[in-house]
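Enquirer: So that you have it, the file is coords18.csv, and it contains CSV, C-alpha atoms and all ligand atoms:
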chain,number,residue,atom,x,y,z
A,1,MET,CA,0.0,0.0,0.0
A,2,LYS,CA,1.5,3.3,-1.1
A,3,ILE,CA,0.6,6.0,1.4
A,4,GLY,CA,0.6,9.8,1.0
A,5,ILE,CA,0.3,12.0,4.1
A,6,LEU,CA,-1.0,15.6,4.1
A,7,ILE,CA,0.1,17.9,6.9
A,8,SER,CA,-0.1,21.6,7.9
A,9,GLY,CA,2.1,21.7,11.0
A,10,ARG,CA,4.2,19.7,13.4
A,11,GLY,CA,3.4,16.3,11.9
A,12,SER,CA,3.5,14.0,14.9
A,13,ASN,CA,0.8,11.8,13.5
A,14,MET,CA,2.7,11.7,10.2
A,15,VAL,CA,5.8,10.6,12.1
A,16,ALA,CA,3.9,7.9,14.0
A,17,ILE,CA,2.5,6.4,10.7
A,18,THR,CA,5.8,6.6,8.9
A,19,GLU,CA,7.7,4.9,11.8
A,20,ALA,CA,5.0,2.2,12.0
A,21,VAL,CA,5.4,1.6,8.2
A,22,GLN,CA,9.2,1.6,8.4
A,23,SER,CA,9.3,-0.8,11.4
A,24,GLY,CA,7.0,-3.2,9.7
A,25,LEU,CA,4.1,-2.6,12.2
A,26,ILE,CA,2.1,-1.6,9.1
A,27,PRO,CA,3.4,-4.3,6.7
A,28,ASP,CA,3.8,-4.2,2.9
A,29,SER,CA,3.4,-0.5,2.8
A,30,GLU,CA,5.5,2.6,2.0
A,31,VAL,CA,5.0,6.3,2.8
A,32,ALA,CA,5.6,7.6,-0.7
A,33,VAL,CA,5.2,11.3,-0.1
A,34,VAL,CA,4.4,13.9,2.5
A,35,ILE,CA,2.7,17.1,1.3
A,36,SER,CA,2.1,20.3,3.3
A,37,ASP,CA,0.0,23.2,2.3
A,38,LYS,CA,2.3,25.4,4.5
A,39,SER,CA,5.9,25.8,3.3
A,40,LYS,CA,7.1,26.3,6.9
A,41,ALA,CA,5.4,23.2,8.4
A,42,ALA,CA,7.8,21.6,10.9
A,43,GLY,CA,6.6,18.2,9.7
A,44,LEU,CA,8.3,18.6,6.3
A,45,GLU,CA,11.8,18.4,7.8
A,46,LYS,CA,10.7,15.5,10.1
A,47,ALA,CA,9.6,13.6,7.1
A,48,ARG,CA,12.8,14.2,5.2
A,49,ALA,CA,14.8,13.1,8.3
A,50,LEU,CA,12.8,9.8,8.0
A,51,GLY,CA,13.9,9.5,4.4
A,52,VAL,CA,10.5,10.4,2.9
A,53,GLU,CA,10.1,12.8,0.0
A,54,ALA,CA,8.3,15.9,1.4
A,55,VAL,CA,7.0,18.8,-0.6
A,56,ALA,CA,5.0,22.0,0.1
A,57,VAL,CA,2.1,22.7,-2.3
A,58,THR,CA,0.9,26.0,-1.1
A,59,ARG,CA,-2.4,27.6,-2.1
A,60,LYS,CA,-0.9,30.6,-3.8
A,61,GLY,CA,-4.3,32.4,-4.1
A,62,ARG,CA,-5.8,29.6,-6.1
A,63,THR,CA,-9.3,28.2,-5.6
A,64,ARG,CA,-9.7,25.1,-3.4
A,65,GLU,CA,-10.2,22.9,-6.4
A,66,GLU,CA,-7.1,24.3,-8.3
A,67,HIS,CA,-5.0,23.8,-5.3
A,68,ASP,CA,-6.4,20.3,-4.7
A,69,LYS,CA,-5.8,19.4,-8.4
A,70,GLU,CA,-2.1,20.0,-7.9
A,71,ILE,CA,-2.0,18.0,-4.7
A,72,VAL,CA,-3.8,15.0,-6.3
A,73,SER,CA,-1.4,15.1,-9.3
A,74,VAL,CA,1.6,14.9,-6.9
A,75,LEU,CA,-0.1,12.0,-5.0
A,76,GLN,CA,-0.8,10.2,-8.3
A,77,ALA,CA,2.7,10.8,-9.7
A,78,ASN,CA,4.0,9.1,-6.5
A,79,GLY,CA,1.6,6.2,-7.0
A,80,VAL,CA,-0.3,6.9,-3.8
A,81,GLU,CA,-3.3,4.6,-3.1
A,82,LEU,CA,-4.2,5.8,0.5
A,83,VAL,CA,-4.2,9.4,1.7
A,84,CYS,CA,-3.9,10.2,5.4
A,85,LEU,CA,-4.8,13.7,6.5
A,86,ALA,CA,-2.7,14.3,9.6
A,87,GLY,CA,-3.3,17.8,11.0
A,88,TYR,CA,-4.1,19.0,7.5
A,89,MET,CA,-6.0,22.2,8.1
A,90,ARG,CA,-7.9,22.6,4.9
A,91,LEU,CA,-11.2,21.1,3.8
A,92,LEU,CA,-10.9,18.9,0.7
A,93,SER,CA,-12.8,19.9,-2.4
A,94,PRO,CA,-15.3,17.4,-3.9
A,95,TYR,CA,-12.7,16.9,-6.7
A,96,PHE,CA,-10.2,15.5,-4.2
A,97,VAL,CA,-12.7,13.4,-2.4
A,98,LYS,CA,-13.9,11.9,-5.7
A,99,ALA,CA,-10.3,11.2,-6.9
A,100,TYR,CA,-9.6,9.1,-3.7
A,101,ARG,CA,-13.1,8.2,-2.5
A,102,ASN,CA,-13.0,5.8,0.5
A,103,TRP,CA,-9.2,5.9,0.4
A,104,ILE,CA,-8.8,9.1,2.5
A,105,LEU,CA,-8.5,9.0,6.3
A,106,ASN,CA,-8.5,11.8,8.9
A,107,ILE,CA,-7.9,12.0,12.6
A,108,HIS,CA,-9.8,14.4,14.8
A,109,PRO,CA,-9.1,15.0,18.5
A,110,SER,CA,-12.6,14.4,19.8
A,111,LEU,CA,-15.2,11.7,19.9
A,112,LEU,CA,-17.1,12.6,16.8
A,113,PRO,CA,-19.7,13.6,16.0
A,114,SER,CA,-19.1,15.9,19.1
A,115,PHE,CA,-16.8,18.9,18.7
A,116,LYS,CA,-16.2,19.0,15.0
A,117,GLY,CA,-13.9,21.6,13.4
A,118,LEU,CA,-11.3,23.8,15.0
A,119,ASP,CA,-10.4,24.0,18.8
A,120,ALA,CA,-11.9,20.6,19.6
A,121,HIS,CA,-10.2,20.4,23.0
A,122,GLU,CA,-11.5,23.9,24.0
A,123,GLN,CA,-15.0,22.9,22.8
A,124,ALA,CA,-14.9,19.7,24.9
A,125,ILE,CA,-13.7,21.5,28.1
A,126,GLU,CA,-16.3,24.4,27.6
A,127,TYR,CA,-19.1,21.9,27.1
A,128,GLY,CA,-18.0,20.1,30.3
A,129,VAL,CA,-17.8,16.5,28.9
A,130,LYS,CA,-16.1,14.0,31.2
A,131,LEU,CA,-14.8,11.9,28.3
A,132,SER,CA,-13.3,13.1,25.1
A,133,GLY,CA,-10.7,11.3,22.9
A,134,CYS,CA,-10.0,10.9,19.2
A,135,THR,CA,-11.6,9.5,16.1
A,136,VAL,CA,-10.1,8.1,12.9
A,137,HIS,CA,-12.6,8.3,10.1
A,138,PHE,CA,-13.0,8.2,6.3
A,139,VAL,CA,-13.2,11.6,4.7
A,140,ASP,CA,-16.2,12.6,2.7
A,141,GLU,CA,-17.3,16.1,1.4
A,142,HIS,CA,-18.4,17.3,4.8
A,143,LEU,CA,-16.2,18.4,7.7
A,144,ASP,CA,-15.2,15.7,10.2
A,145,HIS,CA,-18.2,13.6,9.0
A,146,GLY,CA,-17.2,10.4,7.2
A,147,ALA,CA,-17.6,6.8,8.5
A,148,ILE,CA,-15.8,6.1,11.7
A,149,ILE,CA,-13.1,3.5,11.8
A,150,LEU,CA,-11.8,3.7,15.3
A,151,GLN,CA,-12.3,5.8,18.5
A,152,LYS,CA,-10.4,6.0,21.8
A,153,ALA,CA,-11.9,7.7,24.8
A,154,VAL,CA,-9.8,9.8,27.2
A,155,GLU,CA,-10.9,11.2,30.6
A,156,VAL,CA,-11.3,15.0,30.9
A,157,LYS,CA,-10.0,16.0,34.3
A,158,ASP,CA,-11.3,18.9,36.4
A,159,ASP,CA,-8.2,21.0,36.0
A,160,ASP,CA,-7.6,20.3,32.3
A,161,THR,CA,-6.8,23.1,29.9
A,162,ALA,CA,-6.9,22.6,26.2
A,163,GLU,CA,-3.2,22.1,26.3
A,164,SER,CA,-3.1,19.4,28.9
A,165,LEU,CA,-6.1,17.6,27.3
A,166,SER,CA,-4.4,17.7,23.9
A,167,LYS,CA,-1.2,16.3,25.4
A,168,ARG,CA,-3.1,13.4,26.8
A,169,ILE,CA,-5.1,12.7,23.7
A,170,ILE,CA,-2.2,13.0,21.2
A,171,LYS,CA,-0.7,9.7,22.4
A,172,TYR,CA,-3.9,7.9,21.7
A,173,GLU,CA,-4.1,9.6,18.3
A,174,HIS,CA,-0.8,8.1,17.3
A,175,GLU,CA,-1.9,4.6,18.4
A,176,SER,CA,-5.3,4.9,16.8
A,177,TYR,CA,-4.0,6.2,13.4
A,178,VAL,CA,-1.4,3.5,13.2
A,179,GLU,CA,-4.0,0.8,14.0
A,180,ALA,CA,-6.6,2.2,11.6
A,181,VAL,CA,-4.1,2.3,8.7
A,182,ARG,CA,-2.9,-1.2,9.5
A,183,ARG,CA,-6.4,-2.6,9.5
A,184,LEU,CA,-7.3,-0.8,6.3
A,185,ALA,CA,-4.1,-1.8,4.5
A,186,ALA,CA,-4.5,-5.4,5.6
A,187,GLY,CA,-8.0,-5.5,4.2
A,188,GLU,CA,-9.5,-6.2,7.6
A,189,ILE,CA,-12.3,-3.7,7.4
A,190,GLU,CA,-15.1,-2.9,5.1
A,191,LEU,CA,-17.7,-0.1,4.7
A,192,ASP,CA,-21.4,-0.9,5.1
A,193,GLY,CA,-23.1,2.5,4.5
A,194,ARG,CA,-21.8,4.7,7.4
A,195,ARG,CA,-20.7,1.7,9.4
A,196,VAL,CA,-17.1,0.3,9.2
A,197,LYS,CA,-17.1,-3.4,10.0
A,198,ASN,CA,-14.6,-6.2,10.4
A,199,ARG,CA,-14.5,-8.0,7.1
A,200,GLN,CA,-16.0,-11.5,7.4
A,201,LYS,CA,-13.4,-14.2,7.0
A,202,HIS,CA,-14.5,-17.0,4.7
A,203,ASP,CA,-13.0,-20.5,4.9
A,204,CYS,CA,-11.5,-21.8,1.7
A,301,LIG,C1,-3.9,16.5,15.9
A,301,LIG,O1,-4.5,16.8,17.2
A,301,LIG,C2,-5.0,16.0,14.9
A,301,LIG,O2,-6.0,15.3,15.5
A,301,LIG,C3,-5.6,17.3,14.5
A,301,LIG,O3,-4.5,18.2,14.3
A,301,LIG,C4,-3.5,17.8,15.2
A,301,LIG,C5,-2.3,17.6,14.4
A,301,LIG,O4,-1.1,17.2,15.1
A,301,LIG,N1,-6.4,17.1,13.2
A,301,LIG,P1,0.2,16.7,14.4
A,301,LIG,O5,0.5,17.7,13.3
A,301,LIG,O6,-0.1,15.3,13.9
A,301,LIG,O7,1.2,16.6,15.5
Just dump the structure as structure tokens.
Ligand code: GRF
Expert:
Amino acid sequence: MKIGILISGRGSNMVAITEAVQSGLIPDSEVAVVISDKSKAAGLEKARALGVEAVAVTRKGRTREEHDKEIVSVLQANGVELVCLAGYMRLLSPYFVKAYRNWILNIHPSLLPSFKGLDAHEQAIEYGVKLSGCTVHFVDEHLDHGAIILQKAVEVKDDDTAESLSKRIIKYEHESYVEAVRRLAAGEIELDGRRVKNRQKHDC
């Protein structure tokens, strides 16, 4: 499975996925390219340090679709089959979603469908939930909306700030994203409408 990872910032989920691929935890796979929409994203250098090609494809005043067309062409030129959004801060255009339908994953730092969008940790604390966590899901045309592959719950403590909660959740994000990519790449899961199920094993 050739994987492309899209980032906008520090890229810790990208590093977790790349290390899992390189150590064989996600077998028979390769991270073919890392793309950032921000030229200064710290994750670009981290990807290069791991020996992965890393490029910035910035928006340059173009429409969402024009920008996405260039990103999709870089992914295709690198033979990418599975796209992982890892802290990628732009909504994908319908063009992008169609080009890789059901082969785009995202991670979000809340238990979706609660607290979509920006500042998920602040939203969780302000609402007063006792449990938050992270969600790995397929990407469709809507924000933080596609079918859910995996979720992990994390306790919200009385004295939590967005920062302390985010530090607790990020460790679970790394585990969850690696596990979700491994299961998808191994053909262990299948989509049934909005539900992601374990693929039935048939005896030969
Ligand atoms: C993570 O919390 C992720 O869930 C969210 O953005 C953050 C990215 O962190 N979408 P990193 O760049 O992977 O370190």
Enquirer: Which residues come within 12 Å of Lys116 in chain A, counting all atoms listed in the file, excluding same-chain residues fewer than 5 positions away, as a ChimeraX atom specification?
Expert: /A:107-111,121-124,134-135,142-146
Enquirer: Take CA of Val97 in chain A and CA of Arg64 in chain A and report the distance between them in Å, one decimal.
Expert: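 Taking CA of Val97 in chain A as the start and CA of Arg64 in chain A as the end point, the length is 12.1 Å.
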Enquirer: Using 6 Å of padding on each side, determine the axis-aligned box around all atoms of range 21-26 of chain A present in the file and give its centre and edge lengths in Å to one decimal, as AutoDock Vina command-line options.
Expert:
--center_x 5.7 --center_y -0.8 --center_z 10.2 --size_x 19.2 --size_y 16.8 --size_z 16.0
Enquirer: Pick out the residues no farther than 9 Å from ligand LIG 301 (chain A), counting all atoms listed in the file, and list them as a VMD selection string.
Expert: chain A and resid 7 to 16 41 to 43 85 to 89 106 to 110 117 to 118 120 to 121 134 to 136 166 to 167 169 to 170 173 to 174
Enquirer: Asp192 in chain A: which residues within 12 Å, counting all atoms listed in the file, same-chain residues fewer than 6 positions away excluded, as a CSV table (one decimal) with C-alpha atoms, keeping the file's coordinate frame?
Expert:
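out.csv was written with the following content:
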chain,number,residue,atom,x,y,z
A,102,ASN,CA,-13.0,5.8,0.5
A,147,ALA,CA,-17.6,6.8,8.5
A,148,ILE,CA,-15.8,6.1,11.7
A,149,ILE,CA,-13.1,3.5,11.8
A,198,ASN,CA,-14.6,-6.2,10.4
A,199,ARG,CA,-14.5,-8.0,7.1
Enquirer: So, counting all atoms listed in the file, which residue among A:Glu66, A:Asp37, A:Glu175, A:Glu126 is closest to Arg90 in chain A?
Expert: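 Checking each candidate against Arg90 in chain A, we get A:Asp37 as the closest.
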Enquirer: If you count all atoms listed in the file, which residues fall within 12 Å of Lys201 in chain A, apart from same-chain ones fewer than 5 positions away, as a ChimeraX atom specification?
Expert: /A:187-190
Enquirer: Measuring atom to atom with only C-alpha atoms, identify which of A:Met1, A:Leu50, A:Leu6, A:Val72 is nearest to Glu19 in chain A.
Expert: A:Leu50
Enquirer: Which one of A:Asp140, A:Glu70, A:Glu53, A:Glu45 sits closest to Leu92 in chain A if you count all atoms listed in the file?
Expert: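 Of all the options, A:Asp140 lies closest to Leu92 in chain A.
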Enquirer: Can you list, as a VMD selection string, every protein, DNA or RNA residue that comes within 9 Å of Leu165 in chain A when you count all atoms listed in the file, leaving out same-chain residues fewer than 6 positions away?
Expert: chain A and resid 121 to 122 125 132 to 133 154 to 157
Enquirer: May I ask you to restore N, CA, C and O atoms in range 114-139 of chain A and write the result as a PDB file, in the coordinates of the input?
Expert:
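Written file, out36.pdb:
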ATOM      1  N   SER A 114     -19.220  14.698  18.201  1.00  0.00           N
ATOM      2  CA  SER A 114     -19.100  15.900  19.100  1.00  0.00           C
ATOM      3  C   SER A 114     -17.843  16.679  18.664  1.00  0.00           C
ATOM      4  O   SER A 114     -16.809  16.097  18.339  1.00  0.00           O
ATOM      5  N   PHE A 115     -17.974  17.977  18.764  1.00  0.00           N
ATOM      6  CA  PHE A 115     -16.800  18.900  18.700  1.00  0.00           C
ATOM      7  C   PHE A 115     -16.053  18.822  17.375  1.00  0.00           C
ATOM      8  O   PHE A 115     -14.845  18.599  17.364  1.00  0.00           O
ATOM      9  N   LYS A 116     -16.793  18.984  16.289  1.00  0.00           N
ATOM     10  CA  LYS A 116     -16.200  19.000  15.000  1.00  0.00           C
ATOM     11  C   LYS A 116     -15.382  20.340  14.801  1.00  0.00           C
ATOM     12  O   LYS A 116     -15.623  21.312  15.516  1.00  0.00           O
ATOM     13  N   GLY A 117     -14.534  20.370  13.817  1.00  0.00           N
ATOM     14  CA  GLY A 117     -13.900  21.600  13.400  1.00  0.00           C
ATOM     15  C   GLY A 117     -12.729  22.022  14.320  1.00  0.00           C
ATOM     16  O   GLY A 117     -12.130  21.186  14.998  1.00  0.00           O
ATOM     17  N   LEU A 118     -12.447  23.318  14.311  1.00  0.00           N
ATOM     18  CA  LEU A 118     -11.300  23.800  15.000  1.00  0.00           C
ATOM     19  C   LEU A 118     -11.508  23.792  16.548  1.00  0.00           C
ATOM     20  O   LEU A 118     -12.648  23.771  17.017  1.00  0.00           O
ATOM     21  N   ASP A 119     -10.396  23.813  17.294  1.00  0.00           N
ATOM     22  CA  ASP A 119     -10.400  24.000  18.800  1.00  0.00           C
ATOM     23  C   ASP A 119     -11.288  22.891  19.438  1.00  0.00           C
ATOM     24  O   ASP A 119     -12.077  23.194  20.344  1.00  0.00           O
ATOM     25  N   ALA A 120     -11.127  21.656  19.013  1.00  0.00           N
ATOM     26  CA  ALA A 120     -11.900  20.600  19.600  1.00  0.00           C
ATOM     27  C   ALA A 120     -11.721  20.417  21.083  1.00  0.00           C
ATOM     28  O   ALA A 120     -12.658  20.128  21.824  1.00  0.00           O
ATOM     29  N   HIS A 121     -10.473  20.621  21.538  1.00  0.00           N
ATOM     30  CA  HIS A 121     -10.200  20.400  23.000  1.00  0.00           C
ATOM     31  C   HIS A 121     -10.920  21.536  23.785  1.00  0.00           C
ATOM     32  O   HIS A 121     -11.540  21.247  24.815  1.00  0.00           O
ATOM     33  N   GLU A 122     -10.824  22.784  23.312  1.00  0.00           N
ATOM     34  CA  GLU A 122     -11.500  23.900  24.000  1.00  0.00           C
ATOM     35  C   GLU A 122     -13.028  23.610  24.026  1.00  0.00           C
ATOM     36  O   GLU A 122     -13.689  23.806  25.046  1.00  0.00           O
ATOM     37  N   GLN A 123     -13.558  23.165  22.880  1.00  0.00           N
ATOM     38  CA  GLN A 123     -15.000  22.900  22.800  1.00  0.00           C
ATOM     39  C   GLN A 123     -15.396  21.851  23.853  1.00  0.00           C
ATOM     40  O   GLN A 123     -16.416  21.994  24.526  1.00  0.00           O
ATOM     41  N   ALA A 124     -14.585  20.793  23.981  1.00  0.00           N
ATOM     42  CA  ALA A 124     -14.900  19.700  24.900  1.00  0.00           C
ATOM     43  C   ALA A 124     -14.880  20.227  26.361  1.00  0.00           C
ATOM     44  O   ALA A 124     -15.771  19.921  27.170  1.00  0.00           O
ATOM     45  N   ILE A 125     -13.866  21.016  26.688  1.00  0.00           N
ATOM     46  CA  ILE A 125     -13.700  21.500  28.100  1.00  0.00           C
ATOM     47  C   ILE A 125     -14.890  22.507  28.351  1.00  0.00           C
ATOM     48  O   ILE A 125     -15.538  22.423  29.403  1.00  0.00           O
ATOM     49  N   GLU A 126     -15.171  23.383  27.409  1.00  0.00           N
ATOM     50  CA  GLU A 126     -16.300  24.400  27.600  1.00  0.00           C
ATOM     51  C   GLU A 126     -17.606  23.671  27.805  1.00  0.00           C
ATOM     52  O   GLU A 126     -18.416  24.081  28.614  1.00  0.00           O
ATOM     53  N   TYR A 127     -17.807  22.590  27.049  1.00  0.00           N
ATOM     54  CA  TYR A 127     -19.100  21.900  27.100  1.00  0.00           C
ATOM     55  C   TYR A 127     -19.205  21.143  28.477  1.00  0.00           C
ATOM     56  O   TYR A 127     -20.278  20.909  28.997  1.00  0.00           O
ATOM     57  N   GLY A 128     -18.027  20.756  29.017  1.00  0.00           N
ATOM     58  CA  GLY A 128     -18.000  20.100  30.300  1.00  0.00           C
ATOM     59  C   GLY A 128     -18.127  18.554  30.201  1.00  0.00           C
ATOM     60  O   GLY A 128     -18.513  17.889  31.174  1.00  0.00           O
ATOM     61  N   VAL A 129     -17.757  17.988  29.048  1.00  0.00           N
ATOM     62  CA  VAL A 129     -17.800  16.500  28.900  1.00  0.00           C
ATOM     63  C   VAL A 129     -16.768  15.899  29.853  1.00  0.00           C
ATOM     64  O   VAL A 129     -15.742  16.512  30.156  1.00  0.00           O
ATOM     65  N   LYS A 130     -17.038  14.696  30.300  1.00  0.00           N
ATOM     66  CA  LYS A 130     -16.100  14.000  31.200  1.00  0.00           C
ATOM     67  C   LYS A 130     -15.192  13.048  30.379  1.00  0.00           C
ATOM     68  O   LYS A 130     -14.185  12.575  30.883  1.00  0.00           O
ATOM     69  N   LEU A 131     -15.638  12.731  29.182  1.00  0.00           N
ATOM     70  CA  LEU A 131     -14.800  11.900  28.300  1.00  0.00           C
ATOM     71  C   LEU A 131     -14.678  12.617  26.960  1.00  0.00           C
ATOM     72  O   LEU A 131     -15.663  13.105  26.415  1.00  0.00           O
ATOM     73  N   SER A 132     -13.449  12.678  26.462  1.00  0.00           N
ATOM     74  CA  SER A 132     -13.300  13.100  25.100  1.00  0.00           C
ATOM     75  C   SER A 132     -12.385  12.013  24.437  1.00  0.00           C
ATOM     76  O   SER A 132     -12.458  10.859  24.864  1.00  0.00           O
ATOM     77  N   GLY A 133     -11.559  12.355  23.458  1.00  0.00           N
ATOM     78  CA  GLY A 133     -10.700  11.300  22.900  1.00  0.00           C
ATOM     79  C   GLY A 133     -10.365  11.642  21.441  1.00  0.00           C
ATOM     80  O   GLY A 133     -10.162  12.810  21.107  1.00  0.00           O
ATOM     81  N   CYS A 134     -10.299  10.607  20.614  1.00  0.00           N
ATOM     82  CA  CYS A 134     -10.000  10.900  19.200  1.00  0.00           C
ATOM     83  C   CYS A 134     -10.701   9.882  18.318  1.00  0.00           C
ATOM     84  O   CYS A 134     -11.158   8.822  18.767  1.00  0.00           O
ATOM     85  N   THR A 135     -10.808  10.283  17.059  1.00  0.00           N
ATOM     86  CA  THR A 135     -11.600   9.500  16.100  1.00  0.00           C
ATOM     87  C   THR A 135     -10.770   9.441  14.774  1.00  0.00           C
ATOM     88  O   THR A 135     -10.322  10.471  14.272  1.00  0.00           O
ATOM     89  N   VAL A 136     -10.623   8.239  14.237  1.00  0.00           N
ATOM     90  CA  VAL A 136     -10.100   8.100  12.900  1.00  0.00           C
ATOM     91  C   VAL A 136     -11.255   7.724  11.984  1.00  0.00           C
ATOM     92  O   VAL A 136     -12.017   6.806  12.289  1.00  0.00           O
ATOM     93  N   HIS A 137     -11.403   8.478  10.896  1.00  0.00           N
ATOM     94  CA  HIS A 137     -12.600   8.300  10.100  1.00  0.00           C
ATOM     95  C   HIS A 137     -12.248   8.459   8.574  1.00  0.00           C
ATOM     96  O   HIS A 137     -11.241   9.099   8.232  1.00  0.00           O
ATOM     97  N   PHE A 138     -13.096   7.890   7.733  1.00  0.00           N
ATOM     98  CA  PHE A 138     -13.000   8.200   6.300  1.00  0.00           C
ATOM     99  C   PHE A 138     -13.408   9.605   6.054  1.00  0.00           C
ATOM    100  O   PHE A 138     -14.195  10.168   6.811  1.00  0.00           O
ATOM    101  N   VAL A 139     -12.875  10.170   4.979  1.00  0.00           N
ATOM    102  CA  VAL A 139     -13.200  11.600   4.700  1.00  0.00           C
ATOM    103  C   VAL A 139     -14.201  11.598   3.525  1.00  0.00           C
ATOM    104  O   VAL A 139     -14.040  10.913   2.508  1.00  0.00           O
TER     105      VAL A 139
END
